[in-house]
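Here is the structure we will look at, set down as structure tokens.
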Amino acid sequence: MERIAKNSILILFKLFITAGLIYWICANADLNTIKQSLSLIAPMQLLGAACLHIGVFALGAGRWWVLLRRAGVSKSFQQIVPSYYLGVFFNNLLPSSMGGDVVRIVHLKMRGLSTRVLVGSAMIDRIIGLTTVVVMATVSIMFSPNMRSNTAYKIFLLILVGLSVLLLWFTLTPVFIRFIEKLVRRYRHTRIRKALLDIIVLCYSYKSAKNIILLAFGITLVMQTLVIMIYYYLGTGIGIQLPLITYFAIIPIVFLATSLPVSIGGLGVREGALVGLLLSANIDIQHAIALAILYLLVLWLSSLPGAIVLLFGNKREQHAQPSRP
């Protein structure tokens with residue numbers, strides 16, 4: 001009961017944050033102006049952007065598949081995609097306290113895969129994604145003429161990235177790895193703690209697979225670039241005049257804000273961060289809100305294939321199972 005109460009409080013907190021941010025956006029919105037901006041994008045253009053975003057999710061599934069293959073999973077890419085896309089659906093559409101990573105892990109766990117391998121590969125997948133976003137944002141802010149950032153702020157960002165790289169390097173040194181292995185031996189009779197340490201050791205095993213890590217970083221870079229291009233395409237379509245480099249500075253920060261577990265599916269945080277950053281680049285608030293709405297529509301449309309997995313995946317498995325006498 002205590003756990004249920006804590007989960008309920010957390011969900012209510014997320015709902016409060018989501019509702020508050022949506023209210024702030026709506027309170028500053030001029031419906032007529034936004035409607036005029038949205039009318040500049042034809043339905044086929046919106047559908048084309050959604051199809052491109054589906055390609056982004058396919059690349060994400062491919063990145064996870066590559067990492068799973070390195071961990072010894074023999075399933076094909078076609079077998080991994082449904083689980084990944086189901087996680088995308090839960091992440092972006094449903095008011096659930098379960099994250100998309102948990103959903104895709106559980107979906108494949110029910111198909112016989114090791115929890116340790118799934119959790120470890122998902123952690124590496126997430127770390128690679130976030131690291132790429134931070135580097136892209138920092139480099140782009142340095143060169144964007146529209147972002148209001150003084151020299152001290154840019155120096156702070158460079159120091160932050162430098163410390164992050166230094167920390168990452170230290171955690172991959174033999175000294176730190178031997179320390180983790182010592183903890184595993186010490187807690188080998190403690191089930192939960194040993195399982196967590198085993199996952200950490202699995203994550204460190206990727207250190208020897210430099211080509212796999214570089215490939216995963218390359219896939220992530222393409223994914224983030226495509227999403228930024230979607231924002232740029234939609235923004236240009238409604239009359240936002242910003243150089244592409246500014247989108248490379250803004251959108252990664254929106255990604256980072258959305259990853260914070262403070263709202264339902266990132267709703268409100270993503271839109272609020274985008275509007276605030278566009279305002280800092282001297283973009284009219286109505287155009288900023290219109291772009292936030294357009295991208296949200298694209299995101300929802302491109303997430304819908306995950307609903308197909310949810311609705312028909314179990315039925316297909318039930319038909320595949322032999323009937324019991």
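Starting from 1 in every chain, residues are counted up; chains themselves are A, B, ... following the order of the structure tokens, and ligands are numbered from 1 as listed.
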
Q.
If DSSP is run on the backbone, what residues of stretch 203-299 of chain A are helix (DSSP H, G or I)? A reply as JSON, numbers by chain would be ideal.
A. {"A": [203, 204, 205, 206, 207, 208, 210, 211, 212, 213, 214, 215, 216, 217, 218, 219, 220, 221, 222, 223, 224, 225, 226, 227, 228, 229, 230, 231, 232, 233, 234, 235, 236, 237, 244, 245, 246, 247, 248, 249, 250, 251, 252, 253, 254, 255, 256, 257, 258, 259, 269, 270, 271, 272, 273, 274, 275, 276, 277, 278, 279, 280, 285, 286, 287, 288, 289, 290, 291, 292, 293, 294, 295, 296, 297, 298, 299]}

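Around A:Gln241, within 12 Å and counting only C-alpha atoms, the residues found are Asn146, Tyr232, Tyr233, Leu234, Gly235, Thr236, Gly237, Ile238, Gly239, Pro243, Leu244, Ile245, Thr246, Tyr247, Leu278, Ala281, Asn282, Ile283, Asp284, His287 and Ala288 of chain A, once anything fewer than 2 positions away on its own chain is removed.
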
Produce a file of the selected residues containing C-alpha atoms, as a PDB file, in the first residue's frame.
ATOM      1  CA  ASN A 146      20.975  33.763 -32.368  1.00  0.00           C
ATOM      2  CA  TYR A 232      13.789  23.108 -39.268  1.00  0.00           C
ATOM      3  CA  TYR A 233      11.433  21.947 -42.044  1.00  0.00           C
ATOM      4  CA  LEU A 234       8.317  22.651 -39.967  1.00  0.00           C
ATOM      5  CA  GLY A 235       9.674  25.953 -38.651  1.00  0.00           C
ATOM      6  CA  THR A 236      10.574  27.223 -42.105  1.00  0.00           C
ATOM      7  CA  GLY A 237       7.135  26.161 -43.328  1.00  0.00           C
ATOM      8  CA  ILE A 238       5.368  28.446 -40.852  1.00  0.00           C
ATOM      9  CA  GLY A 239       7.681  31.394 -41.405  1.00  0.00           C
ATOM     10  CA  PRO A 243      19.670  29.443 -39.487  1.00  0.00           C
ATOM     11  CA  LEU A 244      19.991  25.671 -39.238  1.00  0.00           C
ATOM     12  CA  ILE A 245      22.880  25.975 -36.759  1.00  0.00           C
ATOM     13  CA  THR A 246      20.517  27.597 -34.257  1.00  0.00           C
ATOM     14  CA  TYR A 247      18.210  24.586 -34.431  1.00  0.00           C
ATOM     15  CA  LEU A 278      12.908  30.133 -29.399  1.00  0.00           C
ATOM     16  CA  ALA A 281      16.460  33.501 -30.185  1.00  0.00           C
ATOM     17  CA  ASN A 282      14.043  36.434 -30.761  1.00  0.00           C
ATOM     18  CA  ILE A 283      11.261  34.353 -32.331  1.00  0.00           C
ATOM     19  CA  ASP A 284       7.661  35.481 -31.861  1.00  0.00           C
ATOM     20  CA  HIS A 287       5.269  31.058 -34.033  1.00  0.00           C
ATOM     21  CA  ALA A 288       7.135  29.217 -31.279  1.00  0.00           C
TER      22      ALA A 288
END

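The coordinates place atom CA of A:Val81 at 18.1 Å from atom CA of A:Val222.
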
Q.
Set the distance at 10 Å and use only C-alpha atoms: which residues neighbour A:Met136 once local chain neighbours fewer than 4 positions away are removed? I'd like the list as a PyMOL selection string.
A. chain A and resi 130-132+140-141+221+224-225+248-253

Would you write out those residues with all heavy atoms, as a JSON list (two decimals), in the first residue's frame?
[["chain", "number", "residue", "atom", "x", "y", "z"],
["A", 130, "LEU", "N", 22.34, 10.39, -24.73],
["A", 130, "LEU", "CA", 22.47, 11.62, -23.97],
["A", 130, "LEU", "C", 23.82, 12.30, -24.19],
["A", 130, "LEU", "O", 23.91, 13.52, -24.28],
["A", 130, "LEU", "CB", 22.26, 11.33, -22.48],
["A", 130, "LEU", "CG", 20.84, 10.94, -22.06],
["A", 130, "LEU", "CD1", 20.79, 10.60, -20.58],
["A", 130, "LEU", "CD2", 19.86, 12.07, -22.36],
["A", 131, "THR", "N", 24.89, 11.50, -24.28],
["A", 131, "THR", "CA", 26.21, 12.07, -24.51],
["A", 131, "THR", "C", 26.27, 12.80, -25.85],
["A", 131, "THR", "O", 26.80, 13.91, -25.96],
["A", 131, "THR", "CB", 27.29, 10.97, -24.48],
["A", 131, "THR", "OG1", 27.23, 10.29, -23.22],
["A", 131, "THR", "CG2", 28.68, 11.57, -24.66],
["A", 132, "THR", "N", 25.71, 12.18, -26.87],
["A", 132, "THR", "CA", 25.70, 12.80, -28.20],
["A", 132, "THR", "C", 24.92, 14.11, -28.18],
["A", 132, "THR", "O", 25.35, 15.11, -28.78],
["A", 132, "THR", "CB", 25.07, 11.85, -29.24],
["A", 132, "THR", "OG1", 25.76, 10.59, -29.21],
["A", 132, "THR", "CG2", 25.17, 12.43, -30.64],
["A", 140, "SER", "N", 27.08, 23.48, -30.93],
["A", 140, "SER", "CA", 26.21, 24.34, -31.72],
["A", 140, "SER", "C", 26.01, 25.70, -31.07],
["A", 140, "SER", "O", 25.95, 26.73, -31.75],
["A", 140, "SER", "CB", 24.85, 23.66, -31.94],
["A", 140, "SER", "OG", 25.01, 22.44, -32.63],
["A", 141, "ILE", "N", 25.89, 25.73, -29.74],
["A", 141, "ILE", "CA", 25.72, 27.00, -29.04],
["A", 141, "ILE", "C", 26.93, 27.90, -29.25],
["A", 141, "ILE", "O", 26.82, 29.13, -29.34],
["A", 141, "ILE", "CB", 25.46, 26.75, -27.54],
["A", 141, "ILE", "CG1", 24.03, 26.23, -27.34],
["A", 141, "ILE", "CG2", 25.67, 28.02, -26.73],
["A", 141, "ILE", "CD1", 23.71, 25.84, -25.92],
["A", 221, "LEU", "N", 24.00, 10.25, -33.97],
["A", 221, "LEU", "CA", 24.23, 11.54, -34.63],
["A", 221, "LEU", "C", 23.28, 11.72, -35.82],
["A", 221, "LEU", "O", 22.70, 12.80, -36.00],
["A", 221, "LEU", "CB", 25.68, 11.64, -35.10],
["A", 221, "LEU", "CG", 26.13, 12.99, -35.66],
["A", 221, "LEU", "CD1", 26.00, 14.08, -34.61],
["A", 221, "LEU", "CD2", 27.56, 12.90, -36.16],
["A", 224, "GLN", "N", 19.62, 12.31, -34.36],
["A", 224, "GLN", "CA", 19.39, 13.66, -33.84],
["A", 224, "GLN", "C", 19.38, 14.69, -34.96],
["A", 224, "GLN", "O", 18.58, 15.64, -34.93],
["A", 224, "GLN", "CB", 20.48, 14.02, -32.82],
["A", 224, "GLN", "CG", 20.66, 13.03, -31.69],
["A", 224, "GLN", "CD", 19.41, 12.85, -30.85],
["A", 224, "GLN", "OE1", 18.46, 13.61, -30.94],
["A", 224, "GLN", "NE2", 19.41, 11.82, -30.02],
["A", 225, "THR", "N", 20.22, 14.48, -35.97],
["A", 225, "THR", "CA", 20.24, 15.40, -37.11],
["A", 225, "THR", "C", 18.91, 15.36, -37.86],
["A", 225, "THR", "O", 18.38, 16.41, -38.27],
["A", 225, "THR", "CB", 21.40, 15.05, -38.06],
["A", 225, "THR", "OG1", 22.64, 15.16, -37.35],
["A", 225, "THR", "CG2", 21.42, 15.98, -39.26],
["A", 248, "PHE", "N", 20.32, 23.39, -34.30],
["A", 248, "PHE", "CA", 21.25, 22.42, -33.72],
["A", 248, "PHE", "C", 21.62, 22.80, -32.28],
["A", 248, "PHE", "O", 21.99, 21.94, -31.48],
["A", 248, "PHE", "CB", 22.52, 22.32, -34.57],
["A", 248, "PHE", "CG", 22.43, 21.31, -35.67],
["A", 248, "PHE", "CD1", 21.96, 21.67, -36.91],
["A", 248, "PHE", "CD2", 22.81, 20.00, -35.46],
["A", 248, "PHE", "CE1", 21.86, 20.74, -37.94],
["A", 248, "PHE", "CE2", 22.71, 19.06, -36.47],
["A", 248, "PHE", "CZ", 22.24, 19.43, -37.72],
["A", 249, "ALA", "N", 21.52, 24.08, -31.95],
["A", 249, "ALA", "CA", 21.79, 24.53, -30.58],
["A", 249, "ALA", "C", 20.57, 24.37, -29.68],
["A", 249, "ALA", "O", 20.70, 24.05, -28.49],
["A", 249, "ALA", "CB", 22.24, 26.00, -30.60],
["A", 250, "ILE", "N", 19.37, 24.57, -30.25],
["A", 250, "ILE", "CA", 18.14, 24.58, -29.45],
["A", 250, "ILE", "C", 17.60, 23.17, -29.20],
["A", 250, "ILE", "O", 17.29, 22.80, -28.06],
["A", 250, "ILE", "CB", 17.07, 25.45, -30.14],
["A", 250, "ILE", "CG1", 17.44, 26.93, -30.02],
["A", 250, "ILE", "CG2", 15.69, 25.19, -29.55],
["A", 250, "ILE", "CD1", 16.49, 27.84, -30.77],
["A", 251, "ILE", "N", 17.46, 22.39, -30.26],
["A", 251, "ILE", "CA", 16.74, 21.12, -30.15],
["A", 251, "ILE", "C", 17.42, 20.12, -29.21],
["A", 251, "ILE", "O", 16.73, 19.43, -28.44],
["A", 251, "ILE", "CB", 16.52, 20.51, -31.55],
["A", 251, "ILE", "CG1", 15.79, 21.51, -32.46],
["A", 251, "ILE", "CG2", 15.73, 19.21, -31.44],
["A", 251, "ILE", "CD1", 14.50, 22.06, -31.87],
["A", 252, "PRO", "N", 18.76, 19.97, -29.22],
["A", 252, "PRO", "CA", 19.36, 19.07, -28.22],
["A", 252, "PRO", "C", 19.03, 19.44, -26.78],
["A", 252, "PRO", "O", 18.86, 18.56, -25.93],
["A", 252, "PRO", "CB", 20.87, 19.20, -28.50],
["A", 252, "PRO", "CG", 20.95, 19.54, -29.94],
["A", 252, "PRO", "CD", 19.78, 20.46, -30.18],
["A", 253, "ILE", "N", 18.93, 20.74, -26.50],
["A", 253, "ILE", "CA", 18.54, 21.15, -25.14],
["A", 253, "ILE", "C", 17.10, 20.74, -24.85],
["A", 253, "ILE", "O", 16.75, 20.34, -23.73],
["A", 253, "ILE", "CB", 18.72, 22.67, -24.97],
["A", 253, "ILE", "CG1", 20.18, 23.06, -25.21],
["A", 253, "ILE", "CG2", 18.29, 23.13, -23.57],
["A", 253, "ILE", "CD1", 20.43, 24.55, -25.17]]
